[in-house]
file structure_32.cif (mmCIF, C-alpha atoms and all ligand atoms)
data_query
#
loop_
_atom_site.label_atom_id
_atom_site.label_comp_id
_atom_site.auth_asym_id
_atom_site.auth_seq_id
_atom_site.Cartn_x
_atom_site.Cartn_y
_atom_site.Cartn_z
CA MET A 1 0.00 0.00 0.00
CA ALA A 2 1.61 3.20 -1.25
CA ARG A 3 0.64 5.26 1.77
CA TYR A 4 3.14 3.24 3.91
CA ARG A 5 6.11 4.20 1.69
CA PRO A 6 7.19 7.09 3.94
CA VAL A 7 7.06 4.86 7.02
CA GLY A 8 10.18 2.82 6.24
CA ARG A 9 10.95 -0.56 4.73
CA PHE A 10 10.33 -2.68 7.83
CA ALA A 11 6.88 -1.23 8.48
CA GLN A 12 6.10 -1.41 4.77
CA GLY A 13 7.03 -5.10 4.68
CA PHE A 14 5.01 -5.77 7.83
CA VAL A 15 1.93 -4.08 6.39
CA ARG A 16 2.32 -5.88 3.07
CA GLY A 17 2.46 -9.22 4.90
CA LYS A 18 -0.61 -8.39 6.99
CA LEU A 19 -2.59 -7.33 3.93
CA ARG A 20 -1.60 -10.49 2.09
CA HIS A 21 -2.08 -13.08 4.81
CA ASP A 22 -4.54 -11.74 7.37
CA PRO A 23 -8.13 -12.13 6.14
CA VAL A 24 -9.50 -9.39 8.40
CA TYR A 25 -8.22 -6.54 6.23
CA ARG A 26 -9.74 -7.95 3.05
CA TYR A 27 -12.98 -8.34 4.95
CA LEU A 28 -12.85 -4.72 6.18
CA PHE A 29 -12.21 -3.60 2.60
CA GLU A 30 -15.04 -5.60 1.07
CA ALA A 31 -17.74 -5.63 3.73
CA GLY A 32 -19.20 -2.20 3.12
CA LEU A 33 -18.31 -1.08 6.64
CA PRO A 34 -17.13 2.52 6.22
CA PRO A 35 -19.96 4.88 7.07
CA ALA A 36 -20.59 7.81 4.72
CA ASP A 37 -20.43 10.24 7.62
CA GLY A 38 -19.86 10.31 11.38
CA ALA A 39 -16.70 8.96 12.94
CA VAL A 40 -14.68 5.77 12.71
CA VAL A 41 -12.70 5.00 15.86
CA ASP A 42 -9.95 2.37 15.91
CA LEU A 43 -8.97 1.42 19.48
CA GLY A 44 -5.45 -0.01 19.65
CA CYS A 45 -4.93 0.96 16.01
CA GLY A 46 -1.31 -0.18 15.78
CA ARG A 47 0.16 1.12 12.52
CA GLY A 48 -3.31 2.16 11.36
CA ILE A 49 -3.76 -0.60 8.79
CA ALA A 50 -7.50 -0.93 9.39
CA LEU A 51 -8.01 2.83 9.13
CA ALA A 52 -5.98 2.90 5.92
CA VAL A 53 -7.98 0.01 4.45
CA LEU A 54 -11.28 1.65 5.39
CA ALA A 55 -10.13 4.97 3.92
CA SER A 56 -9.30 3.20 0.64
CA ALA A 57 -12.62 1.34 0.73
CA SER A 58 -14.71 4.45 1.29
CA ALA A 59 -13.10 6.81 -1.23
CA PRO A 60 -14.35 5.42 -4.58
CA GLY A 61 -18.04 5.10 -3.71
CA LEU A 62 -18.57 8.49 -2.11
CA SER A 63 -19.84 11.63 -3.73
CA GLY A 64 -17.51 14.64 -3.77
CA GLU A 65 -19.51 16.24 -0.98
CA ALA A 66 -19.36 13.15 1.22
CA GLN A 67 -15.63 12.82 0.62
CA ALA A 68 -15.14 16.39 1.71
CA THR A 69 -17.17 16.11 4.92
CA GLY A 70 -16.40 12.76 6.38
CA PRO A 71 -16.13 10.25 7.87
CA GLN A 72 -13.72 11.45 10.51
CA ARG A 73 -11.18 8.83 11.52
CA PHE A 74 -9.66 8.54 14.94
CA GLY A 75 -7.11 6.05 16.29
CA ILE A 76 -5.64 5.41 19.74
CA GLU A 77 -2.39 3.48 20.11
CA ARG A 78 -0.16 3.17 23.17
CA ARG A 79 3.13 2.59 21.31
CA GLU A 80 4.48 5.84 19.97
CA ALA A 81 6.41 4.18 17.12
CA HIS A 82 3.26 2.50 15.83
CA ALA A 83 1.17 5.63 16.34
CA ALA A 84 3.76 7.64 14.40
CA ALA A 85 3.62 5.11 11.55
CA ALA A 86 -0.19 5.33 11.51
CA ARG A 87 -0.01 9.13 11.49
CA ALA A 88 2.43 9.15 8.57
CA ALA A 89 0.42 6.61 6.57
CA MET A 90 -2.87 8.40 7.11
CA ASP A 91 -1.25 11.75 6.25
CA GLY A 92 -3.95 13.93 7.81
CA GLU A 93 -6.85 11.58 6.97
CA ALA A 94 -7.04 10.42 10.60
CA GLU A 95 -6.28 11.80 14.03
CA ILE A 96 -3.96 9.36 15.78
CA VAL A 97 -3.46 9.79 19.52
CA THR A 98 -0.67 8.09 21.44
CA GLY A 99 -2.28 6.81 24.63
CA ASP A 100 -3.92 4.03 26.58
CA VAL A 101 -7.37 3.08 25.29
CA LEU A 102 -8.46 2.70 28.91
CA ALA A 103 -7.64 6.32 29.73
CA THR A 104 -8.13 8.20 26.45
CA ASP A 105 -11.45 9.69 25.48
CA PHE A 106 -12.82 9.10 21.99
CA PRO A 107 -15.73 10.58 20.06
CA CYS A 108 -19.14 9.08 19.37
CA ALA A 109 -18.81 6.93 16.28
CA ARG A 110 -20.69 5.03 13.60
CA LEU A 111 -18.00 2.38 13.60
CA ILE A 112 -15.67 1.34 16.43
CA LEU A 113 -12.92 -1.19 15.78
CA LEU A 114 -11.17 -3.39 18.32
CA ILE A 115 -9.06 -5.70 16.20
CA ASP A 116 -6.82 -8.06 18.25
CA VAL A 117 -6.66 -5.68 21.23
CA LEU A 118 -8.93 -6.90 24.04
CA LEU A 119 -6.69 -9.90 24.72
CA TYR A 120 -4.05 -7.51 26.13
CA LEU A 121 -6.45 -6.25 28.83
CA ASN A 122 -7.63 -8.06 31.93
CA ALA A 123 -11.28 -9.08 32.23
CA ALA A 124 -12.36 -6.01 34.21
CA GLN A 125 -10.59 -3.71 31.74
CA GLN A 126 -12.17 -5.51 28.80
CA ASP A 127 -15.62 -5.03 30.33
CA GLN A 128 -14.94 -1.38 31.07
CA LEU A 129 -13.72 -0.67 27.53
CA LEU A 130 -16.62 -2.52 25.91
CA GLU A 131 -19.07 -0.54 28.06
CA ARG A 132 -17.46 2.75 27.00
CA ALA A 133 -17.41 1.70 23.37
CA ALA A 134 -21.07 0.64 23.40
CA ALA A 135 -22.01 3.96 25.01
CA ARG A 136 -20.12 5.81 22.24
CA LEU A 137 -21.91 4.13 19.34
CA SER A 138 -24.25 6.46 17.56
CA PRO A 139 -27.70 5.11 16.55
CA GLY A 140 -27.23 2.32 14.03
CA GLY A 141 -23.53 2.19 14.88
CA ARG A 142 -21.35 -0.89 14.80
CA LEU A 143 -18.67 -2.27 17.05
CA VAL A 144 -16.42 -4.68 15.15
CA MET A 145 -13.93 -6.67 17.17
CA ARG A 146 -11.74 -9.69 16.57
CA GLU A 147 -10.74 -12.14 19.29
CA ALA A 148 -9.79 -15.79 19.42
CA ASP A 149 -12.44 -18.26 20.59
CA ALA A 150 -11.13 -19.84 23.81
CA ALA A 151 -13.39 -22.85 23.25
CA ALA A 152 -11.90 -23.71 19.84
CA GLY A 153 -9.60 -26.57 20.92
CA TRP A 154 -6.29 -27.02 19.06
CA ARG A 155 -6.91 -23.96 16.91
CA PHE A 156 -7.15 -21.86 20.06
CA ALA A 157 -3.95 -23.46 21.44
CA THR A 158 -2.19 -22.59 18.15
CA THR A 159 -3.43 -18.99 18.36
CA VAL A 160 -2.10 -18.60 21.92
CA ALA A 161 1.24 -20.16 21.00
CA ALA A 162 1.65 -17.81 18.02
CA GLU A 163 0.76 -14.79 20.16
CA ARG A 164 3.31 -15.82 22.82
CA ALA A 165 5.99 -16.37 20.18
CA SER A 166 5.49 -12.91 18.69
CA ALA A 167 5.50 -11.33 22.20
CA TRP A 168 8.86 -13.04 22.85
CA ARG A 169 10.21 -11.69 19.58
CA ARG A 170 9.22 -8.21 20.80
CA CYS A 171 10.90 -8.95 24.19
CA GLU A 172 7.53 -8.60 25.96
CA TRP A 173 8.09 -11.53 28.30
CA ARG A 174 5.64 -10.38 30.93
CA GLN A 175 2.66 -9.79 28.65
CA ARG A 176 -0.47 -11.54 29.96
CA TYR A 177 -3.43 -12.48 27.78
CA GLN A 178 -7.09 -12.72 28.63
CA TYR A 179 -9.22 -14.80 26.30
CA ARG A 180 -12.90 -15.71 26.35
CA SER A 181 -15.03 -18.16 24.42
CA ARG A 182 -17.35 -17.10 21.62
CA THR A 183 -20.33 -17.66 23.92
CA GLU A 184 -18.85 -15.42 26.62
CA TRP A 185 -18.13 -12.57 24.18
CA VAL A 186 -21.55 -12.83 22.55
CA ASN A 187 -23.26 -12.79 25.96
CA ARG A 188 -21.21 -9.82 27.13
CA LEU A 189 -22.02 -7.81 24.00
CA GLY A 190 -25.67 -8.82 24.32
CA GLU A 191 -25.71 -7.52 27.90
CA LEU A 192 -24.61 -4.17 26.49
CA GLY A 193 -27.70 -4.10 24.28
CA LEU A 194 -25.91 -5.03 21.06
CA ALA A 195 -27.06 -7.57 18.47
CA VAL A 196 -24.07 -9.73 17.58
CA ARG A 197 -23.06 -11.86 14.60
CA THR A 198 -19.83 -13.80 14.48
CA ILE A 199 -17.85 -14.43 11.32
CA PRO A 200 -14.87 -16.81 11.10
CA MET A 201 -11.78 -14.68 10.52
CA SER A 202 -8.89 -17.13 10.26
CA ARG A 203 -9.21 -18.30 6.66
CA GLY A 204 -5.89 -19.59 5.39
CA THR A 205 -4.41 -19.73 8.90
CA PRO A 206 -4.50 -22.36 11.70
CA PHE A 207 -5.94 -19.83 14.17
CA ALA A 208 -9.27 -19.59 16.01
CA ASN A 209 -10.12 -15.97 15.30
CA LEU A 210 -13.68 -14.72 15.08
CA LEU A 211 -14.94 -11.33 14.05
CA TYR A 212 -17.76 -10.06 16.24
CA CYS A 213 -20.02 -7.56 14.46
CA ALA A 214 -22.18 -5.94 17.11
CA GLU A 215 -24.83 -3.38 16.23
CA THR A 216 -27.00 -1.06 18.20
CA SER A 217 -30.62 -2.08 17.88
CA SER A 218 -31.85 1.35 16.76
CA GLY A 219 -31.74 0.76 13.02
CA SER A 220 -29.00 -0.05 10.59
CA HIS A 221 -26.48 2.16 8.89
CA GLY A 222 -24.84 1.72 5.52
CA ALA A 223 -24.63 -1.58 3.72
CA PRO A 224 -25.45 -4.79 5.58
CA VAL A 225 -22.34 -6.54 6.86
CA ARG A 226 -21.32 -9.26 4.41
CA ASN A 227 -21.15 -12.71 5.94
C1 LIG A 301 -2.12 -7.03 17.56
S1 LIG A 301 -1.99 -5.31 17.43
C2 LIG A 301 -3.38 -4.91 16.40
C3 LIG A 301 -3.25 -3.55 15.81
C4 LIG A 301 -4.44 -3.06 15.00
N1 LIG A 301 -5.68 -3.16 15.74
C5 LIG A 301 -4.54 -3.76 13.68
O1 LIG A 301 -5.56 -4.35 13.37
O2 LIG A 301 -3.57 -3.71 12.90
C6 LIG A 301 -2.56 -4.77 19.03
C7 LIG A 301 -2.31 -3.30 19.25
O3 LIG A 301 -3.01 -2.86 20.40
C8 LIG A 301 -2.18 -1.96 21.10
N2 LIG A 301 -2.62 -1.92 22.50
C9 LIG A 301 -2.70 -2.93 23.38
N3 LIG A 301 -3.17 -2.49 24.57
C10 LIG A 301 -3.39 -1.15 24.42
C11 LIG A 301 -3.86 -0.15 25.29
N4 LIG A 301 -4.21 -0.42 26.55
N5 LIG A 301 -4.00 1.10 24.80
C12 LIG A 301 -3.66 1.40 23.52
N6 LIG A 301 -3.19 0.47 22.65
C13 LIG A 301 -3.07 -0.78 23.08
C14 LIG A 301 -0.78 -2.56 20.95
O4 LIG A 301 0.22 -1.61 21.19
C15 LIG A 301 -0.83 -3.03 19.50
O5 LIG A 301 -0.38 -2.03 18.61
#
call {"tool": "encode", "arguments": {"input": "structure_32.cif", "output": "structure tokens", "more": "lines below"}}
Ligand SMILES: C[S@@+](CC[C@H](N)C(=O)[O-])C[C@H]1O[C@@H](n2cnc3c(N)ncnc32)[C@H](O)[C@@H]1O
result
Amino acid sequence: MARYRPVGRFAQGFVRGKLRHDPVYRYLFEAGLPPADGAVVDLGCGRGIALAVLASASAPGLSGEAQATGPQRFGIERREAHAAAARAAMDGEAEIVTGDVLATDFPCARLILLIDVLLYLNAAQQDQLLERAAARLSPGGRLVMREADAAAGWRFATTVAAERASAWRRCEWRQRYQYRSRTEWVNRLGELGLAVRTIPMSRGTPFANLLYCAETSSGSHGAPVRN
């Protein structure tokens, strides 16, 4: 993706690999998720790949007026190096804040993303963040999150092993992970008043990832989510 050229060769190679091998970005591109207006918030946005993909997905279909007005894009990332990469790649098309998602405010949004982030928080923090996110969804808004299904047997074990291996490569030996089963996530999101659909999101990999598409019950916005 050309927008990552200024970010350096390593980050460019990383992003290329993610776009090639991780099905979630293709899904985000094809699923008709970007709203025509309102805000998109990416919590734990990393290098901003999801925001970049959504920006590319929304540009061709929008009228000139809609392109000029929105959507606004907003990302929060705790690692400054990743946040800086996201900022450079988005080149003014998103506001990227360096900070902790647990302590940083974010605007009301049509679409809130939590892709591979909740596992880094403990259970109480996960609940707190999900509550805040649900409260920030505008009518018809969507919360889209990806997490591994802790009830998925060997695929789940493989997912955990891969996560541990990449944490070791980053020298993050003390990182703890908090996983839940599909049923537990669906129940939790349901308790927050959201209608949830799950979509397998590990195609081409041995992992147990699911995408949870949770919507507020007060109407729908934009295209239906492709299953
Ligand atoms: C596996 S990466 C996923 C990045 C991004 N969501 C994506 O799809 O490319 C997880 C990201 O969440 C960030 N993260 C984890 N806990 C966080 C926290 N409490 N506040 C902000 N960012 C956090 C990490 O620094 C990392 O960049």
call {"tool": "closest_residue", "arguments": {"input": "structure_32.cif", "among": "A:Phe14, A:Phe207, A:Tyr120, A:Tyr177", "to": "ligand LIG 301 (chain A)", "atoms": "all atoms listed in the file"}}
result
A:Tyr120
call {"tool": "closest_atom_pairs", "arguments": {"input": "structure_32.cif", "of": "chain A", "to": "ligand LIG 301 (chain A)", "cutoff": "9 Å", "atoms": "all atoms listed in the file", "output": "tab-separated table"}}
result
residue	atom	partner	partner_atom	distance
A:Val15	CA	A:LIG301	O2	8.5
A:Lys18	CA	A:LIG301	O2	8.1
A:Val24	CA	A:LIG301	O1	8.1
A:Tyr25	CA	A:LIG301	O1	7.9
A:Asp42	CA	A:LIG301	N1	7.0
A:Leu43	CA	A:LIG301	N6	6.7
A:Gly44	CA	A:LIG301	N6	3.8
A:Cys45	CA	A:LIG301	C4	4.2
A:Gly46	CA	A:LIG301	O5	3.5
A:Arg47	CA	A:LIG301	O2	6.1
A:Gly48	CA	A:LIG301	O2	6.1
A:Ile49	CA	A:LIG301	O2	5.2
A:Ala50	CA	A:LIG301	O1	5.6
A:Leu51	CA	A:LIG301	O1	8.7
A:Ile76	CA	A:LIG301	C12	5.9
A:Glu77	CA	A:LIG301	N6	4.0
A:Arg78	CA	A:LIG301	C12	3.9
A:Arg79	CA	A:LIG301	O4	5.1
A:Glu80	CA	A:LIG301	O4	8.7
A:His82	CA	A:LIG301	O5	6.4
A:Ala83	CA	A:LIG301	O5	8.1
A:Thr98	CA	A:LIG301	C12	7.6
A:Gly99	CA	A:LIG301	C12	5.7
A:Asp100	CA	A:LIG301	N5	3.4
A:Val101	CA	A:LIG301	N5	3.9
A:Leu102	CA	A:LIG301	N4	5.8
A:Ala103	CA	A:LIG301	N5	8.1
A:Thr104	CA	A:LIG301	N5	8.4
A:Leu113	CA	A:LIG301	N1	7.5
A:Leu114	CA	A:LIG301	N1	6.1
A:Ile115	CA	A:LIG301	N1	4.3
A:Asp116	CA	A:LIG301	C1	4.9
A:Val117	CA	A:LIG301	O3	4.7
A:Leu118	CA	A:LIG301	N3	7.3
A:Leu119	CA	A:LIG301	C9	8.1
A:Tyr120	CA	A:LIG301	N3	5.3
A:Leu121	CA	A:LIG301	N3	6.6
A:Gln125	CA	A:LIG301	N4	8.9
A:Arg146	CA	A:LIG301	O1	8.8
A:Glu163	CA	A:LIG301	C1	8.7
call {"tool": "closest_residue", "arguments": {"input": "structure_32.cif", "among": "A:Ala214, A:Pro107, A:Trp154, A:Arg203", "to": "A:Arg26", "atoms": "only C-alpha atoms"}}
result
A:Arg203
call {"tool": "closest_residue", "arguments": {"input": "structure_32.cif", "among": "A:Glu172, A:Glu93, A:Glu191, A:Asp37", "to": "A:Ala55", "atoms": "all atoms listed in the file"}}
result
A:Glu93
call {"tool": "closest_residue", "arguments": {"input": "structure_32.cif", "among": "A:Leu129, A:Ala134, A:Leu111, A:Met145", "to": "A:Val40", "atoms": "all atoms listed in the file"}}
result
A:Leu111
call {"tool": "atom_distance", "arguments": {"input": "structure_32.cif", "atom1": "atom CA of A:Leu130", "atom2": "atom CA of A:Gly38"}}
result
19.7 Å
call {"tool": "closest_residue", "arguments": {"input": "structure_32.cif", "among": "A:Ala133, A:Leu210, A:Val160, A:Ala148", "to": "A:Tyr27", "atoms": "all atoms listed in the file"}}
result
A:Leu210
call {"tool": "closest_residue", "arguments": {"input": "structure_32.cif", "among": "A:Ser56, A:Gln175, A:Arg197, A:Leu33", "to": "A:Gly141", "atoms": "all atoms listed in the file"}}
result
A:Leu33
call {"tool": "atom_distance", "arguments": {"input": "structure_32.cif", "atom1": "atom CA of A:Arg20", "atom2": "atom CA of A:Val53"}}
result
12.5 Å
call {"tool": "atom_distance", "arguments": {"input": "structure_32.cif", "atom1": "atom CA of A:Ile199", "atom2": "atom CA of A:Glu184"}}
result
15.4 Å
call {"tool": "residues_around", "arguments": {"input": "structure_32.cif", "residues": "A:Thr159", "least_positions_apart": "2", "cutoff": "8 Å", "atoms": "all atoms listed in the file", "output": "PyMOL selection string"}}
result
chain A and resi 148+155-157+161-163+206-209
call {"tool": "residues_around", "arguments": {"input": "structure_32.cif", "residues": "A:Met1", "least_positions_apart": "2", "cutoff": "8 Å", "atoms": "all atoms listed in the file", "output": "PDB file with C-alpha atoms, keeping the file's coordinate frame"}}
result
ATOM      1  CA  ARG A   3       0.640   5.260   1.770  1.00  0.00           C
ATOM      2  CA  TYR A   4       3.140   3.240   3.910  1.00  0.00           C
ATOM      3  CA  ARG A   5       6.110   4.200   1.690  1.00  0.00           C
ATOM      4  CA  GLN A  12       6.100  -1.410   4.770  1.00  0.00           C
ATOM      5  CA  VAL A  15       1.930  -4.080   6.390  1.00  0.00           C
ATOM      6  CA  ARG A  16       2.320  -5.880   3.070  1.00  0.00           C
TER       7      ARG A  16
END
call {"tool": "build_atoms", "arguments": {"input": "structure_32.cif", "residues": "stretch 15-31 of chain A", "atoms": "N, CA and C atoms", "output": "mmCIF file, in the frame of the given file"}}
result
data_model
loop_
_atom_site.group_PDB
_atom_site.id
_atom_site.type_symbol
_atom_site.label_atom_id
_atom_site.label_comp_id
_atom_site.auth_asym_id
_atom_site.auth_seq_id
_atom_site.Cartn_x
_atom_site.Cartn_y
_atom_site.Cartn_z
ATOM 1 N N VAL A 15 3.291 -4.383 6.864
ATOM 2 C CA VAL A 15 1.930 -4.080 6.390
ATOM 3 C C VAL A 15 1.603 -4.928 5.162
ATOM 4 N N ARG A 16 2.572 -5.072 4.264
ATOM 5 C CA ARG A 16 2.320 -5.880 3.070
ATOM 6 C C ARG A 16 1.968 -7.318 3.475
ATOM 7 N N GLY A 17 2.728 -7.862 4.436
ATOM 8 C CA GLY A 17 2.460 -9.220 4.900
ATOM 9 C C GLY A 17 1.078 -9.335 5.529
ATOM 10 N N LYS A 18 0.713 -8.351 6.349
ATOM 11 C CA LYS A 18 -0.610 -8.390 6.990
ATOM 12 C C LYS A 18 -1.712 -8.345 5.924
ATOM 13 N N LEU A 19 -1.543 -7.463 4.957
ATOM 14 C CA LEU A 19 -2.590 -7.330 3.930
ATOM 15 C C LEU A 19 -2.707 -8.601 3.088
ATOM 16 N N ARG A 20 -1.581 -9.271 2.899
ATOM 17 C CA ARG A 20 -1.600 -10.490 2.090
ATOM 18 C C ARG A 20 -2.172 -11.686 2.844
ATOM 19 N N HIS A 21 -1.805 -11.809 4.114
ATOM 20 C CA HIS A 21 -2.080 -13.080 4.810
ATOM 21 C C HIS A 21 -3.167 -13.009 5.875
ATOM 22 N N ASP A 22 -3.543 -11.818 6.307
ATOM 23 C CA ASP A 22 -4.540 -11.740 7.370
ATOM 24 C C ASP A 22 -5.900 -11.399 6.758
ATOM 25 N N PRO A 23 -6.861 -12.328 6.841
ATOM 26 C CA PRO A 23 -8.130 -12.130 6.140
ATOM 27 C C PRO A 23 -8.950 -10.942 6.653
ATOM 28 N N VAL A 24 -8.635 -10.436 7.840
ATOM 29 C CA VAL A 24 -9.500 -9.390 8.400
ATOM 30 C C VAL A 24 -9.452 -8.109 7.565
ATOM 31 N N TYR A 25 -8.309 -7.815 6.971
ATOM 32 C CA TYR A 25 -8.220 -6.540 6.230
ATOM 33 C C TYR A 25 -8.978 -6.617 4.912
ATOM 34 N N ARG A 26 -8.920 -7.780 4.259
ATOM 35 C CA ARG A 26 -9.740 -7.950 3.050
ATOM 36 C C ARG A 26 -11.210 -7.811 3.410
ATOM 37 N N TYR A 27 -11.581 -8.431 4.534
ATOM 38 C CA TYR A 27 -12.980 -8.340 4.950
ATOM 39 C C TYR A 27 -13.375 -6.868 5.176
ATOM 40 N N LEU A 28 -12.526 -6.126 5.903
ATOM 41 C CA LEU A 28 -12.850 -4.720 6.180
ATOM 42 C C LEU A 28 -12.989 -3.930 4.879
ATOM 43 N N PHE A 29 -12.172 -4.303 3.881
ATOM 44 C CA PHE A 29 -12.210 -3.600 2.600
ATOM 45 C C PHE A 29 -13.504 -3.897 1.855
ATOM 46 N N GLU A 30 -13.933 -5.171 1.936
ATOM 47 C CA GLU A 30 -15.040 -5.600 1.070
ATOM 48 C C GLU A 30 -16.417 -5.549 1.725
ATOM 49 N N ALA A 31 -16.462 -5.397 3.038
ATOM 50 C CA ALA A 31 -17.740 -5.630 3.730
ATOM 51 C C ALA A 31 -18.684 -4.446 3.733
#
